[in-house]
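**Student:** Quick one: the structure is below, questions incoming.
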Amino acid sequence: MEFKEQLKNYQEQINTKLKEYVRKQKCPEEVLNESMEYSLMAGGKRLRPILIIATYKLFNNDIEKCMPYAVAIEMVHNFSLIHDDLPGIDNDDFRHGKLTNHKKFNEATAILAGDGLLNNAYIVISEDLKSSKVEDLPTKIKVFNEFSKAVDRMIAGEYVDTKLEGKQISKECLQYIHSNKTGALLKLCVRIRSNFSGCK
């Protein structure tokens, strides 16, 4: 299969799976759910979940086993984009050719939508842990721990980037920002498969 065709195939698989986690029910927080869906399904390359799936598929064709982590990491990525666009950080008006979340809804809703996506990522992983075989739990808990640490590093990198915006910084500081804000999640994506090696 050609690279572009395979890439599109992966994107379609991920989008289909993400739709399963969109909340459509009538409830008092319906607008919040719409806000979360707006950013989650706005498009994008889906690079991080594709890295998880493509790396996993090098060793195992049953990609359903890694799909919860692909979904979770895309939720985390979109949480970071919503918050990154907020007036207190980058104050962007557009993302993926659409109004940013706080421009489409409002700032309070955008903050909570980001929080909701982050928490939903942990719900997705915890549901996978809950349904896992007992013998697989130590390995999956290790993955969960590394996942959480990568999110921590992403947030730290974002903070340092925000703190130093507009200032002259050293090469080492720039490297620190990139390796944490962007690199931590990308590194996680290709490490998840090696951590899953002991699972049945």
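Chain labels A, B, ... are given in the sequence in which chains occur in the structure tokens; within each chain residues are numbered consecutively from 1, and ligands are likewise numbered from 1 in the order shown.
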Need the shell around Met41 in chain A: protein/DNA/RNA residues with any atom at most 12 Å away, counting only C-alpha atoms. Skip same-chain ones fewer than 3 positions apart. Format as a list in words?
**Tutor:**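 So, after excluding close chain neighbours, the residues are Gln11, Glu12, Ile14, Asn15, Thr16, Lys17, Leu18, Lys19, Glu20, Tyr21, Val22, Asn33, Glu34, Ser35, Met36, Glu37, Tyr38, Gly44, Lys45, Arg46, Val71, Glu74, Met75, Asn78, Arg95, His96, Lys98, Asn101 and Leu117 of chain A.
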**Student:** Residues of range 40-160 of chain A classed as helix (DSSP H, G or I) by DSSP on the backbone are to be reported as an MDAnalysis selection string.
**Tutor:** chainID A and resid 40 47:57 63:65 67:84 101:104 107:130 134:160
**Student:** Can you write out the residues you just picked, keeping C-alpha atoms, as an mmCIF file, in the first residue's frame?
**Tutor:**
```cif
data_model
loop_
_atom_site.group_PDB
_atom_site.id
_atom_site.type_symbol
_atom_site.label_atom_id
_atom_site.label_comp_id
_atom_site.auth_asym_id
_atom_site.auth_seq_id
_atom_site.Cartn_x
_atom_site.Cartn_y
_atom_site.Cartn_z
ATOM 1 C CA LEU A 40 -11.592 16.529 18.847
ATOM 2 C CA LEU A 47 0.140 11.980 13.753
ATOM 3 C CA ARG A 48 0.409 10.749 17.338
ATOM 4 C CA PRO A 49 -2.194 7.967 17.183
ATOM 5 C CA ILE A 50 -0.851 6.960 13.764
ATOM 6 C CA LEU A 51 2.625 6.594 15.268
ATOM 7 C CA ILE A 52 1.198 4.329 17.970
ATOM 8 C CA ILE A 53 -0.682 2.150 15.474
ATOM 9 C CA ALA A 54 2.086 1.996 12.857
ATOM 10 C CA THR A 55 4.733 1.088 15.445
ATOM 11 C CA TYR A 56 2.467 -1.501 17.057
ATOM 12 C CA LYS A 57 1.660 -3.032 13.669
ATOM 13 C CA ILE A 63 -4.233 -3.038 16.459
ATOM 14 C CA GLU A 64 -7.401 -3.034 18.582
ATOM 15 C CA LYS A 65 -5.136 -3.722 21.561
ATOM 16 C CA MET A 67 -6.351 1.597 19.951
ATOM 17 C CA PRO A 68 -7.410 2.854 23.431
ATOM 18 C CA TYR A 69 -3.972 4.433 23.809
ATOM 19 C CA ALA A 70 -4.138 5.928 20.307
ATOM 20 C CA VAL A 71 -7.511 7.470 21.176
ATOM 21 C CA ALA A 72 -6.275 8.692 24.548
ATOM 22 C CA ILE A 73 -3.193 10.375 23.154
ATOM 23 C CA GLU A 74 -5.265 12.206 20.534
ATOM 24 C CA MET A 75 -7.560 13.438 23.297
ATOM 25 C CA VAL A 76 -4.551 14.703 25.236
ATOM 26 C CA HIS A 77 -3.152 16.387 22.125
ATOM 27 C CA ASN A 78 -6.433 18.205 21.509
ATOM 28 C CA PHE A 79 -6.651 19.222 25.170
ATOM 29 C CA SER A 80 -3.238 20.854 24.727
ATOM 30 C CA LEU A 81 -4.313 22.631 21.525
ATOM 31 C CA ILE A 82 -7.456 24.084 23.116
ATOM 32 C CA HIS A 83 -5.470 25.451 26.046
ATOM 33 C CA ASP A 84 -2.589 26.581 23.823
ATOM 34 C CA ASN A 101 -12.628 26.635 20.698
ATOM 35 C CA HIS A 102 -12.807 29.763 22.841
ATOM 36 C CA LYS A 103 -13.838 31.826 19.806
ATOM 37 C CA LYS A 104 -16.532 29.313 18.793
ATOM 38 C CA GLU A 107 -13.186 31.003 27.213
ATOM 39 C CA ALA A 108 -14.703 29.222 30.218
ATOM 40 C CA THR A 109 -16.199 26.498 28.039
ATOM 41 C CA ALA A 110 -12.908 26.054 26.174
ATOM 42 C CA ILE A 111 -10.959 25.638 29.421
ATOM 43 C CA LEU A 112 -13.412 23.020 30.649
ATOM 44 C CA ALA A 113 -13.505 21.286 27.252
ATOM 45 C CA GLY A 114 -9.729 20.911 27.426
ATOM 46 C CA ASP A 115 -10.008 19.606 30.979
ATOM 47 C CA GLY A 116 -12.723 17.193 29.843
ATOM 48 C CA LEU A 117 -10.630 15.778 27.002
ATOM 49 C CA LEU A 118 -7.672 15.251 29.318
ATOM 50 C CA ASN A 119 -9.843 13.444 31.830
ATOM 51 C CA ASN A 120 -11.555 11.404 29.095
ATOM 52 C CA ALA A 121 -8.139 10.177 27.990
ATOM 53 C CA TYR A 122 -7.600 8.734 31.451
ATOM 54 C CA ILE A 123 -11.101 7.240 31.452
ATOM 55 C CA VAL A 124 -10.335 5.461 28.151
ATOM 56 C CA ILE A 125 -7.116 3.996 29.539
ATOM 57 C CA SER A 126 -8.706 3.032 32.870
ATOM 58 C CA GLU A 127 -11.500 1.212 31.013
ATOM 59 C CA ASP A 128 -8.852 -0.759 29.131
ATOM 60 C CA LEU A 129 -7.114 -1.595 32.413
ATOM 61 C CA LYS A 130 -10.412 -2.664 33.963
ATOM 62 C CA VAL A 134 -4.720 -9.996 35.362
ATOM 63 C CA GLU A 135 -1.371 -11.112 33.941
ATOM 64 C CA ASP A 136 -1.296 -8.105 31.598
ATOM 65 C CA LEU A 137 -1.949 -5.500 34.293
ATOM 66 C CA PRO A 138 1.677 -4.938 35.435
ATOM 67 C CA THR A 139 2.710 -4.178 31.843
ATOM 68 C CA LYS A 140 -0.283 -1.929 31.173
ATOM 69 C CA ILE A 141 0.180 -0.064 34.443
ATOM 70 C CA LYS A 142 3.766 0.600 33.328
ATOM 71 C CA VAL A 143 2.398 2.012 30.052
ATOM 72 C CA PHE A 144 -0.110 4.126 31.970
ATOM 73 C CA ASN A 145 2.664 5.476 34.180
ATOM 74 C CA GLU A 146 4.804 6.424 31.187
ATOM 75 C CA PHE A 147 1.755 7.966 29.492
ATOM 76 C CA SER A 148 1.097 10.150 32.552
ATOM 77 C CA LYS A 149 4.741 11.231 32.774
ATOM 78 C CA ALA A 150 4.751 12.219 29.090
ATOM 79 C CA VAL A 151 1.673 14.404 29.651
ATOM 80 C CA ASP A 152 3.425 15.971 32.657
ATOM 81 C CA ARG A 153 6.463 16.804 30.483
ATOM 82 C CA MET A 154 4.253 18.254 27.740
ATOM 83 C CA ILE A 155 2.616 20.606 30.259
ATOM 84 C CA ALA A 156 6.014 21.583 31.696
ATOM 85 C CA GLY A 157 7.326 22.355 28.217
ATOM 86 C CA GLU A 158 4.274 24.475 27.454
ATOM 87 C CA TYR A 159 4.806 26.436 30.670
ATOM 88 C CA VAL A 160 8.455 27.173 29.918
#
```
**Student:** For a test of reading the model, state the distance in Å between CA of Tyr10 in chain A and CA of Ala184 in chain A, rounded to one decimal.
**Tutor:**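 Atom-to-atom, CA of Tyr10 in chain A to CA of Ala184 in chain A, that is 21.8 Å.
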**Student:** Would you mind reading off the distance between CA of Asp93 in chain A and CA of Gly43 in chain A, one decimal, in Å?
**Tutor:**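 Separation between CA of Asp93 in chain A and CA of Gly43 in chain A: 16.1 Å.
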